[in-house]
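target.cif, holding mmCIF, C-alpha atoms:
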```cif
data_final
#
loop_
_atom_site.label_atom_id
_atom_site.label_comp_id
_atom_site.auth_asym_id
_atom_site.auth_seq_id
_atom_site.Cartn_x
_atom_site.Cartn_y
_atom_site.Cartn_z
CA MET A 216 -41.92 -47.53 -107.75
CA SER A 217 -38.60 -49.18 -107.54
CA GLY A 218 -37.72 -51.40 -104.64
CA LYS A 219 -35.07 -48.96 -103.41
CA VAL A 220 -37.55 -46.07 -103.21
CA LEU A 221 -40.13 -48.27 -101.48
CA ARG A 222 -37.63 -49.21 -98.78
CA LEU A 223 -36.78 -45.49 -98.15
CA VAL A 224 -40.51 -44.63 -97.72
CA ARG A 225 -41.06 -47.47 -95.26
CA THR A 226 -37.98 -46.38 -93.22
CA ALA A 227 -39.14 -42.76 -93.02
CA THR A 228 -42.66 -43.81 -91.95
CA ALA A 229 -41.31 -45.99 -89.18
CA THR A 230 -39.11 -43.16 -87.96
CA VAL A 231 -42.02 -40.72 -87.80
CA VAL A 232 -44.20 -43.19 -85.89
CA ALA A 233 -41.43 -43.87 -83.41
CA ALA A 234 -40.82 -40.16 -82.83
CA GLY A 235 -44.51 -39.56 -82.22
CA THR A 236 -44.61 -42.37 -79.71
CA LEU A 237 -41.65 -40.90 -77.80
CA LEU A 238 -43.17 -37.41 -77.76
CA THR A 239 -46.43 -38.80 -76.39
CA THR A 240 -45.05 -41.02 -73.65
CA ALA A 241 -42.13 -38.86 -72.37
CA PRO A 242 -44.25 -36.45 -70.24
CA VAL A 243 -46.07 -39.33 -68.63
CA GLN A 244 -42.82 -40.99 -67.64
CA ALA A 245 -41.39 -37.70 -66.32
CA ALA A 246 -44.44 -37.06 -64.18
CA ALA A 247 -44.39 -40.55 -62.80
CA ALA A 248 -40.71 -40.44 -61.84
CA PRO A 249 -40.16 -39.37 -58.16
CA LEU A 250 -38.39 -36.05 -57.43
CA PRO A 251 -34.90 -36.34 -55.91
CA PRO A 252 -34.87 -35.66 -52.15
CA PRO A 253 -33.41 -32.31 -50.98
CA PRO A 254 -29.98 -32.30 -49.39
CA GLY A 255 -29.80 -32.71 -45.64
CA ASP A 256 -32.74 -34.07 -43.65
CA SER A 257 -35.04 -35.87 -46.15
CA ALA A 258 -38.02 -35.10 -43.89
CA GLY A 259 -37.43 -31.35 -43.90
CA PRO A 260 -38.06 -28.74 -46.59
CA ALA A 261 -35.60 -27.69 -49.24
CA PRO A 262 -32.91 -25.29 -48.03
CA ASP A 263 -34.45 -22.28 -49.77
CA SER A 264 -37.99 -23.10 -48.69
CA ASP A 265 -39.78 -20.79 -46.23
CA ILE A 266 -42.36 -23.39 -45.28
CA ALA A 267 -41.67 -26.05 -42.64
CA ALA A 268 -44.02 -28.74 -41.51
CA PRO A 269 -45.11 -28.01 -37.89
CA PRO A 270 -44.17 -30.65 -35.33
CA GLY A 271 -46.77 -32.51 -33.38
CA ASP A 272 -48.18 -31.09 -30.15
CA ASP A 273 -46.28 -33.57 -27.97
CA ASP A 274 -42.98 -32.75 -29.64
CA THR A 275 -43.64 -29.02 -29.22
CA ALA A 276 -44.39 -29.32 -25.51
CA ALA A 277 -41.34 -31.46 -24.86
CA GLY A 278 -39.14 -29.11 -26.90
CA ASP A 279 -40.42 -26.06 -25.01
CA ALA A 280 -39.85 -27.75 -21.65
CA ARG A 281 -36.33 -28.71 -22.59
CA SER A 282 -35.54 -25.28 -23.96
CA VAL A 283 -36.82 -23.43 -20.87
CA ALA A 284 -34.86 -25.68 -18.51
CA GLY A 285 -31.78 -25.40 -20.70
CA LEU A 286 -32.09 -21.63 -20.95
CA LEU A 287 -32.47 -21.33 -17.19
CA THR A 288 -29.34 -23.45 -16.72
CA ASP A 289 -27.40 -21.32 -19.20
CA LEU A 290 -28.53 -18.06 -17.62
CA ARG A 291 -27.65 -19.23 -14.12
CA ARG A 292 -24.24 -20.34 -15.34
CA LEU A 293 -23.55 -17.02 -17.05
CA PHE A 294 -24.68 -15.04 -14.01
CA ARG A 295 -22.52 -17.21 -11.76
CA GLU A 296 -19.50 -16.69 -14.00
CA ALA A 297 -20.19 -12.95 -14.06
CA GLU A 298 -20.38 -12.91 -10.27
CA GLU A 299 -17.13 -14.86 -10.00
CA ALA A 300 -15.45 -12.32 -12.27
CA THR A 301 -16.99 -9.50 -10.24
CA GLU A 302 -15.63 -10.87 -6.97
CA ALA A 303 -12.20 -11.35 -8.57
CA TYR A 304 -12.37 -7.72 -9.72
CA ASN A 305 -13.39 -6.63 -6.21
CA ALA A 306 -10.49 -8.54 -4.65
CA THR A 307 -8.01 -6.95 -7.05
CA GLU A 308 -9.53 -3.52 -6.47
CA GLU A 309 -9.17 -3.99 -2.70
CA GLU A 310 -5.55 -5.10 -3.04
CA LEU A 311 -4.87 -2.23 -5.43
CA ARG A 312 -6.30 0.22 -2.90
CA LYS A 313 -3.96 -1.13 -0.23
CA GLN A 314 -1.05 -1.06 -2.67
CA ARG A 315 -1.69 2.60 -3.49
CA ALA A 316 -1.57 3.38 0.23
CA GLU A 317 1.67 1.38 0.58
CA VAL A 318 3.27 3.20 -2.35
CA ALA A 319 2.29 6.57 -0.86
CA ARG A 320 3.63 5.55 2.59
CA LEU A 321 6.95 4.36 1.14
CA ASP A 322 7.26 7.51 -0.94
CA ARG A 323 6.88 9.63 2.20
CA ARG A 324 9.48 7.57 4.07
CA LEU A 325 11.81 7.66 1.08
CA SER A 326 11.56 11.45 0.87
CA ALA A 327 12.35 11.76 4.58
CA ALA A 328 15.28 9.33 4.26
CA ARG A 329 16.70 11.24 1.31
CA LEU A 330 16.45 14.51 3.24
CA SER A 331 18.20 12.92 6.22
CA LEU A 332 20.88 11.52 3.92
CA HIS A 333 21.37 14.98 2.40
CA ASP A 334 21.82 16.51 5.87
CA SER A 335 24.22 13.73 6.91
CA ARG A 336 26.31 14.16 3.80
CA GLY A 337 26.42 17.92 4.39
CA ALA A 338 27.63 17.40 7.96
CA ALA A 339 30.19 14.84 6.82
CA GLY A 340 31.43 17.25 4.15
CA ARG A 341 31.92 20.02 6.71
CA LEU A 342 33.84 17.68 8.98
CA ALA A 343 36.05 16.61 6.08
CA ARG A 344 36.82 20.22 5.19
CA GLN A 345 37.60 21.09 8.79
CA GLN A 346 39.87 18.08 9.14
CA TYR A 347 41.68 18.98 5.94
CA GLN A 348 42.12 22.62 6.95
CA ASN A 349 43.44 21.73 10.39
CA SER A 350 45.54 18.75 9.38
CA THR A 351 48.68 20.85 8.59
CA THR A 352 48.70 22.83 11.82
CA ASP A 353 47.10 20.56 14.40
CA LEU A 354 49.47 18.91 16.80
CA SER A 355 48.92 15.57 18.36
CA PRO A 356 46.94 15.75 21.60
CA TYR A 357 49.85 14.05 23.35
CA VAL A 358 52.35 16.64 22.09
CA ARG A 359 50.05 19.47 23.18
CA LEU A 360 49.79 17.86 26.61
CA LEU A 361 53.60 17.74 26.94
CA LEU A 362 54.06 21.32 25.76
CA ALA A 363 51.16 22.83 27.71
CA ARG A 364 51.86 25.21 30.57
CA ASP A 365 48.67 24.02 32.27
CA PRO A 366 48.43 20.23 31.95
CA HIS A 367 45.00 20.19 33.64
CA ARG A 368 43.57 22.53 31.03
CA ALA A 369 45.21 20.49 28.31
CA LEU A 370 43.48 17.40 29.61
CA GLU A 371 40.11 19.23 29.47
CA GLN A 372 40.84 20.26 25.90
CA GLY A 373 41.73 16.69 25.11
CA HIS A 374 38.37 15.58 26.49
CA VAL A 375 36.62 18.12 24.25
CA ILE A 376 38.62 16.92 21.28
CA GLY A 377 37.58 13.36 22.08
CA GLN A 378 33.92 14.38 22.17
CA VAL A 379 34.28 16.13 18.83
CA ALA A 380 35.88 13.00 17.36
CA GLN A 381 33.06 10.90 18.72
CA GLU A 382 30.48 13.24 17.19
CA ARG A 383 32.32 13.00 13.87
CA ALA A 384 32.18 9.21 14.03
CA GLN A 385 28.48 9.31 14.84
CA THR A 386 27.87 11.65 11.91
CA VAL A 387 29.63 9.25 9.56
CA GLU A 388 27.67 6.35 11.04
CA ARG A 389 24.38 8.21 10.60
CA MET A 390 25.27 8.99 7.01
CA THR A 391 26.09 5.33 6.33
CA GLY A 392 22.84 4.23 7.98
CA SER A 393 20.86 6.81 6.02
CA GLU A 394 22.36 5.50 2.79
CA ARG A 395 21.39 1.93 3.64
CA THR A 396 17.88 2.98 4.66
CA THR A 397 17.42 5.08 1.54
CA ASP A 398 18.56 2.26 -0.73
CA ALA A 399 16.26 -0.26 1.00
CA LEU A 400 13.28 2.09 0.83
CA ALA A 401 13.98 2.85 -2.82
CA ARG A 402 13.95 -0.87 -3.63
CA ARG A 403 10.71 -1.40 -1.70
CA ALA A 404 9.11 1.62 -3.36
CA ARG A 405 10.04 0.32 -6.83
CA ALA A 406 8.66 -3.14 -5.98
CA ALA A 407 5.44 -1.64 -4.62
CA LEU A 408 5.03 0.49 -7.73
CA ASP A 409 5.61 -2.52 -9.97
CA ARG A 410 3.01 -4.46 -8.00
CA ARG A 411 0.53 -1.60 -8.36
CA LEU A 412 1.04 -1.53 -12.13
CA THR A 413 0.55 -5.32 -12.30
CA LEU A 414 -2.66 -5.06 -10.30
CA THR A 415 -3.92 -2.29 -12.56
CA VAL A 416 -3.48 -4.49 -15.62
CA GLN A 417 -5.08 -7.43 -13.82
CA ARG A 418 -8.05 -5.32 -12.78
CA GLN A 419 -8.58 -4.24 -16.38
CA LYS A 420 -8.64 -7.87 -17.52
CA GLU A 421 -11.13 -8.80 -14.79
CA ARG A 422 -13.31 -5.81 -15.69
CA ASP A 423 -13.33 -6.99 -19.30
CA ALA A 424 -14.26 -10.50 -18.13
CA VAL A 425 -17.27 -9.16 -16.19
CA ARG A 426 -18.43 -7.11 -19.14
CA SER A 427 -18.00 -10.08 -21.46
CA ARG A 428 -20.12 -12.36 -19.26
CA LEU A 429 -22.83 -9.74 -18.80
CA GLY A 430 -22.77 -9.13 -22.54
CA GLU A 431 -23.47 -12.82 -23.11
CA VAL A 432 -26.39 -12.64 -20.69
CA GLU A 433 -27.77 -9.57 -22.44
CA ARG A 434 -27.50 -11.17 -25.88
CA LEU A 435 -29.15 -14.38 -24.71
CA LEU A 436 -32.01 -12.53 -23.02
CA ALA A 437 -32.49 -10.29 -26.06
CA SER A 438 -32.97 -13.39 -28.22
CA LEU A 439 -35.80 -14.80 -26.08
CA THR A 440 -39.49 -14.39 -26.64
CA THR A 441 -41.90 -13.10 -24.01
CA GLU A 442 -43.21 -16.65 -23.56
CA GLN A 443 -39.71 -18.01 -23.00
CA LEU A 444 -38.91 -15.32 -20.45
CA ALA A 445 -42.15 -16.03 -18.61
CA GLY A 446 -41.34 -19.73 -18.62
CA ILE A 447 -37.85 -19.14 -17.23
CA GLU A 448 -39.20 -16.88 -14.49
CA ARG A 449 -41.84 -19.44 -13.57
CA LEU A 450 -39.38 -22.32 -13.47
CA ASP A 451 -36.87 -20.32 -11.45
CA ARG A 452 -39.56 -19.27 -8.97
CA ASP A 453 -40.84 -22.83 -8.61
CA THR A 454 -37.31 -24.16 -8.10
CA THR A 455 -36.64 -21.62 -5.36
CA ALA A 456 -39.95 -22.31 -3.65
CA ASP A 457 -39.28 -26.05 -3.66
CA ALA A 458 -35.80 -25.57 -2.18
CA GLN A 459 -37.20 -23.20 0.47
CA ARG A 460 -39.92 -25.72 1.46
CA LYS A 461 -37.36 -28.48 1.86
CA LEU A 462 -35.09 -26.27 3.97
CA VAL A 463 -37.91 -25.17 6.25
CA ALA A 464 -39.20 -28.75 6.54
CA SER A 465 -35.74 -29.89 7.65
CA GLY A 466 -36.06 -27.75 10.77
CA ALA A 467 -32.81 -25.90 10.07
CA LEU A 468 -34.47 -22.49 10.46
CA SER A 469 -36.94 -23.26 13.22
CA SER A 470 -35.14 -21.43 16.04
CA VAL A 471 -35.30 -17.67 16.45
CA ARG A 472 -32.18 -16.05 17.91
CA PRO A 473 -31.62 -12.35 18.60
CA PRO A 474 -28.61 -10.66 16.99
CA THR A 475 -25.80 -8.80 18.68
CA ARG A 476 -25.82 -5.03 18.86
CA THR A 477 -23.47 -4.74 15.88
CA GLY A 478 -25.39 -7.42 13.96
CA ALA A 479 -28.65 -5.54 14.49
CA LYS A 480 -27.04 -2.30 13.33
CA ALA A 481 -25.63 -3.96 10.21
CA LEU A 482 -29.03 -5.47 9.43
CA ARG A 483 -30.84 -2.15 9.84
CA TYR A 484 -28.34 -0.55 7.46
CA ALA A 485 -28.95 -3.27 4.86
CA VAL A 486 -32.73 -2.91 5.17
CA ALA A 487 -32.40 0.84 4.65
CA GLN A 488 -30.74 0.15 1.27
CA ILE A 489 -33.70 -1.86 -0.07
CA GLY A 490 -34.74 -0.61 -3.50
CA LYS A 491 -31.28 0.64 -4.51
CA PRO A 492 -29.86 -0.89 -7.69
CA TYR A 493 -27.31 -3.65 -8.04
CA LYS A 494 -24.11 -2.49 -9.70
CA TRP A 495 -21.08 -4.71 -9.96
CA GLY A 496 -18.06 -3.37 -8.07
CA ALA A 497 -20.19 -0.85 -6.14
CA GLU A 498 -19.98 -0.33 -2.36
CA GLY A 499 -22.65 2.35 -1.96
CA PRO A 500 -24.15 4.58 -1.06
CA LYS A 501 -26.19 4.77 -4.29
CA ALA A 502 -25.65 1.21 -5.53
CA TYR A 503 -24.11 -2.06 -4.36
CA ASP A 504 -23.06 -5.49 -5.48
CA CYS A 505 -23.66 -8.45 -3.17
CA SER A 506 -20.48 -8.24 -1.09
CA GLY A 507 -20.41 -4.47 -1.35
CA LEU A 508 -23.69 -4.46 0.60
CA THR A 509 -22.56 -6.91 3.29
CA SER A 510 -19.13 -5.35 3.84
CA ARG A 511 -20.54 -1.81 3.96
CA ALA A 512 -23.33 -2.83 6.35
CA TRP A 513 -20.90 -4.34 8.86
CA SER A 514 -18.45 -1.47 8.43
CA HIS A 515 -21.29 0.93 9.22
CA ALA A 516 -21.94 -1.12 12.36
CA GLY A 517 -18.35 -0.58 13.46
CA ARG A 518 -16.72 -3.85 12.43
CA ARG A 519 -14.58 -4.07 9.30
CA ILE A 520 -14.86 -7.33 7.40
CA PRO A 521 -13.27 -8.49 4.12
CA ARG A 522 -14.59 -6.84 0.96
CA THR A 523 -15.36 -9.92 -1.15
CA SER A 524 -17.71 -12.83 -0.51
CA GLN A 525 -14.89 -15.34 -0.97
CA ALA A 526 -12.71 -13.60 1.61
CA GLN A 527 -15.68 -13.35 3.96
CA TRP A 528 -16.21 -17.10 3.66
CA ALA A 529 -12.49 -17.84 4.07
CA ARG A 530 -11.68 -15.51 6.99
CA LEU A 531 -14.79 -15.15 9.13
CA PRO A 532 -15.86 -17.81 11.68
CA ARG A 533 -18.43 -20.21 10.26
CA VAL A 534 -21.72 -21.00 11.89
CA PRO A 535 -24.21 -23.85 11.19
CA LEU A 536 -27.44 -22.91 9.45
CA THR A 537 -29.27 -24.32 12.48
CA LYS A 538 -27.77 -21.51 14.61
CA LEU A 539 -28.30 -18.56 12.29
CA ARG A 540 -29.13 -15.22 13.83
CA PRO A 541 -29.99 -11.91 12.13
CA GLY A 542 -26.96 -10.15 10.71
CA ASP A 543 -25.05 -13.34 9.92
CA LEU A 544 -23.77 -13.67 6.37
CA VAL A 545 -25.15 -16.44 4.15
CA LEU A 546 -22.87 -17.64 1.35
CA TYR A 547 -23.87 -19.30 -1.92
CA TYR A 548 -22.39 -21.48 -4.68
CA PRO A 549 -19.39 -23.80 -4.31
CA LYS A 550 -16.89 -20.94 -4.75
CA ALA A 551 -18.68 -18.56 -2.34
CA THR A 552 -19.36 -16.08 -5.12
CA HIS A 553 -22.59 -14.66 -3.68
CA VAL A 554 -23.49 -13.43 -0.20
CA ALA A 555 -26.50 -12.00 1.68
CA LEU A 556 -27.39 -10.85 5.21
CA TYR A 557 -29.70 -13.10 7.19
CA LEU A 558 -32.87 -11.25 8.18
CA GLY A 559 -34.59 -14.02 10.13
CA LYS A 560 -37.58 -16.28 9.51
CA GLY A 561 -35.87 -17.90 6.53
CA LEU A 562 -35.29 -14.62 4.68
CA VAL A 563 -32.20 -12.66 3.62
CA VAL A 564 -31.46 -9.13 2.44
CA GLN A 565 -29.42 -9.25 -0.73
CA ALA A 566 -28.29 -7.48 -3.88
CA PRO A 567 -29.25 -10.31 -6.25
CA ARG A 568 -27.58 -9.53 -9.59
CA PRO A 569 -27.40 -6.96 -12.41
CA GLY A 570 -30.83 -5.76 -13.45
CA THR A 571 -32.29 -6.06 -9.94
CA THR A 572 -32.52 -3.96 -6.80
CA ILE A 573 -31.69 -4.76 -3.19
CA LYS A 574 -34.57 -6.77 -1.75
CA VAL A 575 -35.71 -9.42 0.70
CA SER A 576 -35.56 -12.96 -0.70
CA PRO A 577 -35.99 -16.54 0.52
CA ILE A 578 -32.74 -17.87 1.93
CA ALA A 579 -32.87 -20.67 -0.68
CA ALA A 580 -33.02 -18.25 -3.62
CA ASN A 581 -29.53 -19.50 -4.57
CA PRO A 582 -27.68 -22.77 -3.89
CA LEU A 583 -26.57 -22.56 -0.25
CA LEU A 584 -22.94 -23.03 0.77
CA GLY A 585 -22.97 -22.01 4.44
CA ALA A 586 -22.90 -19.07 6.84
CA VAL A 587 -20.34 -16.98 8.73
CA ARG A 588 -20.57 -14.67 11.74
CA PRO A 589 -18.51 -11.45 11.87
CA ASP A 590 -18.89 -11.05 15.67
CA PRO A 591 -18.86 -14.56 17.17
CA LYS A 592 -17.76 -13.42 20.65
CA ALA A 593 -20.30 -10.63 21.07
CA LYS A 594 -23.30 -11.22 23.30
CA PRO A 595 -26.76 -11.28 21.68
CA LEU A 596 -29.35 -8.73 22.65
CA LYS A 597 -31.97 -9.69 25.20
CA ARG A 598 -34.71 -8.05 23.17
CA PHE A 599 -34.91 -7.56 19.44
CA ALA A 600 -37.60 -6.76 16.91
CA LEU A 601 -37.02 -7.18 13.19
CA PRO A 602 -36.69 -3.83 11.41
CA LYS A 603 -39.78 -2.67 9.61
CA LEU A 604 -39.61 -3.58 5.96
CA PRO A 605 -40.78 -1.38 3.08
CA ARG A 606 -43.94 -2.60 1.38
CA THR A 607 -41.94 -3.32 -1.76
CA ALA A 608 -39.19 -5.24 0.06
CA LYS A 609 -40.13 -8.61 -1.45
CA LYS A 610 -41.33 -7.35 -4.81
CA GLY A 611 -39.33 -7.77 -7.94
CA SER A 612 -37.39 -10.64 -9.35
CA ASP A 613 -34.50 -12.34 -7.58
CA ALA A 614 -33.20 -13.22 -11.04
CA GLY A 615 -33.57 -10.06 -13.12
CA TYR A 616 -34.23 -11.98 -16.35
CA ASN A 617 -37.12 -9.76 -17.42
CA VAL A 618 -35.69 -6.32 -16.71
CA TRP A 619 -32.77 -6.23 -19.13
#
```
Since I need it in another form, could you write the structure as structure tokens?
Amino acid sequence: MSGKVLRLVRTATATVVAAGTLLTTAPVQAAAAPLPPPPGDSAGPAPDSDIAAPPGDDDTAAGDARSVAGLLTDLRRLFREAEEATEAYNATEEELRKQRAEVARLDRRLSAARLSLHDSRGAAGRLARQQYQNSTTDLSPYVRLLLARDPHRALEQGHVIGQVAQERAQTVERMTGSERTTDALARRARAALDRRLTLTVQRQKERDAVRSRLGEVERLLASLTTEQLAGIERLDRDTTADAQRKLVASGALSSVRPPTRTGAKALRYAVAQIGKPYKWGAEGPKAYDCSGLTSRAWSHAGRRIPRTSQAQWARLPRVPLTKLRPGDLVLYYPKATHVALYLGKGLVVQAPRPGTTIKVSPIAANPLLGAVRPDPKAKPLKRFALPKLPRTAKKGSDAGYNVW
């Protein structure tokens, strides 16, 4: 074998051996090499993986506690915003009701003014025609007096002519006044109508705002599990009970005072509504919102009060919590967006929120703002017994989280 052939054989053998070595060791190296971490959190599973490592027990408990407290905070905020929007809607509805009455009143006055103006113009037209027809033949009163055979009678005729002239002047004056009145009423009627149209648009926006907030509540509640709902209810109940204990311990509600006659009547009306549903914007008799209940109760008792909780807080005389008596109105939240009637013994009658019914609740069921008294000058009754409550008066949730 020549040297050239021998070198080719040796080269081929070496190549085969090297290839075999690579084929044998490559899988071992691939298996030993670490897999690249998935994108995102290196401790979590791959994005398309359905399996996640469960957290430890401590982490789970802490996460649940945080989520329940956070959910309760979110729900309270959404309900408060919904109630704010509801009271804004109620205020606009009340103003719109007054504006409708104003438009109708101005329309009636404008119709009467136009009729009067029509009559005045008719009278003025007749006077003008008479003056024109008589202008070519009438002599001056002074000339008639000089030419008259009976000067005394001429003077009487002159007096009559003077009266007629005065009546003509008054007719013209009435017509001018009617024109001014009609123009002024027409301007006021147009302004009132424009205001009514503006309020109608505003009311629609506020209605949409209420529905939007309640829609957020509904979506949030629909996403919760039974365990989460139970946890929220429990935390809300415990929070209310703690606030009620602190309020009672402070001595603020220790005194018992009888109501006035109108206060007692308003309270009895509110108690009679227990069990009826909450409905935003409603004033009875089948459903109520919070201020719809309080305003209707006092109206039934013979005293009209503002429709909304914010107006009740702003316009009615305030009273310290230490001097509460049955029938007084208790206001809640910094913007006075919720209201209830004080029953006595640390309890109120209220329409809590959508999803609930009118019921008796602890006075501390919501963050207290203060209290007002619709009849501060009326004398309290000498004797008073709290109205008998239905057996179900205190049943049901003050929150309504679990009935949506």
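Residue membership of the PyMOL selection byres ((chain A and resi 485) around 8) in the shown file amounts to Ala481, Leu482, Arg483, Tyr484, Val486, Ala487, Gln488, Ile489, Leu508, Thr509, Ala512, Leu556 and Val564 of chain A.
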Put those residues in a file: C-alpha atoms, as a CSV table (one decimal), in the frame of the given file.
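What ended up in part.csv:
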```
chain,number,residue,atom,x,y,z
A,481,ALA,CA,-25.6,-4.0,10.2
A,482,LEU,CA,-29.0,-5.5,9.4
A,483,ARG,CA,-30.8,-2.2,9.8
A,484,TYR,CA,-28.3,-0.6,7.5
A,486,VAL,CA,-32.7,-2.9,5.2
A,487,ALA,CA,-32.4,0.8,4.6
A,488,GLN,CA,-30.7,0.2,1.3
A,489,ILE,CA,-33.7,-1.9,-0.1
A,508,LEU,CA,-23.7,-4.5,0.6
A,509,THR,CA,-22.6,-6.9,3.3
A,512,ALA,CA,-23.3,-2.8,6.4
A,556,LEU,CA,-27.4,-10.8,5.2
A,564,VAL,CA,-31.5,-9.1,2.4
```
* To do: Step by step, work through what the PyMOL selection byres ((chain A and resi 476) around 12) selects in the shown file, and finish by giving those residues as a VMD selection string.
  => chain A and resid 473 to 475 477 to 483 513 516 to 518 540 to 542 589 to 599
* To do: Excluding Phe294 in chain A and residues on its chain fewer than 5 positions from it, collect all residues at most 8 Å away from it, counting all atoms listed in the file, and give them as a ChimeraX atom specification.
  => /A:428-429,432,568
* **Ile447 in chain A environment, 8 Å, all atoms listed in the file, sequence neighbours closer than 3 positions dropped, as an MDAnalysis selection string** => chainID A and resid 283:284 286:287 443:444 450:451
* Asked: Which residue out of A:Val318, A:Cys505, A:Leu412, A:Leu330 has the minimum interatomic distance to Asn305 in chain A when all atoms listed in the file are used?
  ->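 Residue with the minimum atom-to-atom distance to Asn305 in chain A: A:Cys505.
Note that CA of Ala300 in chain A and CA of Ser506 in chain A are 12.9 Å apart.
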Centre and edges of the range 525-540 of chain A box, axis-aligned, 6 Å extra per side, as JSON:
```
{"center_x": -20.5, "center_y": -18.8, "center_z": 6.8, "size_x": 29.6, "size_y": 23.0, "size_z": 27.6}
```
* Asked: Quick one: of A:Tyr304, A:Glu296, A:Leu408, A:Lys574, who's nearest to Arg320 in chain A, counting all atoms listed in the file?
  ->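 For Arg320 in chain A, the nearest of the given residues is A:Leu408.
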* On this file, the PyMOL selection byres ((chain A and resi 524) around 8) gives some set of residues; write that set as a VMD selection string. => chain A and resid 302 505 to 506 521 to 523 525 to 528 546 551 to 554
Go ahead and save the residues from that selection, with C-alpha atoms, as a short mmCIF file (atom, residue, chain, number, x, y, z; two decimals), keeping the file's coordinate frame.
```cif
data_model
loop_
_atom_site.label_atom_id
_atom_site.label_comp_id
_atom_site.auth_asym_id
_atom_site.auth_seq_id
_atom_site.Cartn_x
_atom_site.Cartn_y
_atom_site.Cartn_z
CA GLU A 302 -15.63 -10.87 -6.97
CA CYS A 505 -23.66 -8.45 -3.17
CA SER A 506 -20.48 -8.24 -1.09
CA PRO A 521 -13.27 -8.49 4.12
CA ARG A 522 -14.59 -6.84 0.96
CA THR A 523 -15.36 -9.92 -1.15
CA GLN A 525 -14.89 -15.34 -0.97
CA ALA A 526 -12.71 -13.60 1.61
CA GLN A 527 -15.68 -13.35 3.96
CA TRP A 528 -16.21 -17.10 3.66
CA LEU A 546 -22.87 -17.64 1.35
CA ALA A 551 -18.68 -18.56 -2.34
CA THR A 552 -19.36 -16.08 -5.12
CA HIS A 553 -22.59 -14.66 -3.68
CA VAL A 554 -23.49 -13.43 -0.20
#
```
* Å distance separating CA of Val463 in chain A from CA of Thr537 in chain A, one decimal place ->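 Taking CA of Val463 in chain A as the start and CA of Thr537 in chain A as the end point, the length is 10.7 Å.
Here CA of Asp289 in chain A is placed at a distance of 27.0 Å from CA of Thr307 in chain A.
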* Of the listed residues A:Ala502, A:Trp495, A:Leu468, A:Ser510, that which approaches Leu562 in chain A most closely, counting all atoms listed in the file -> A:Leu468
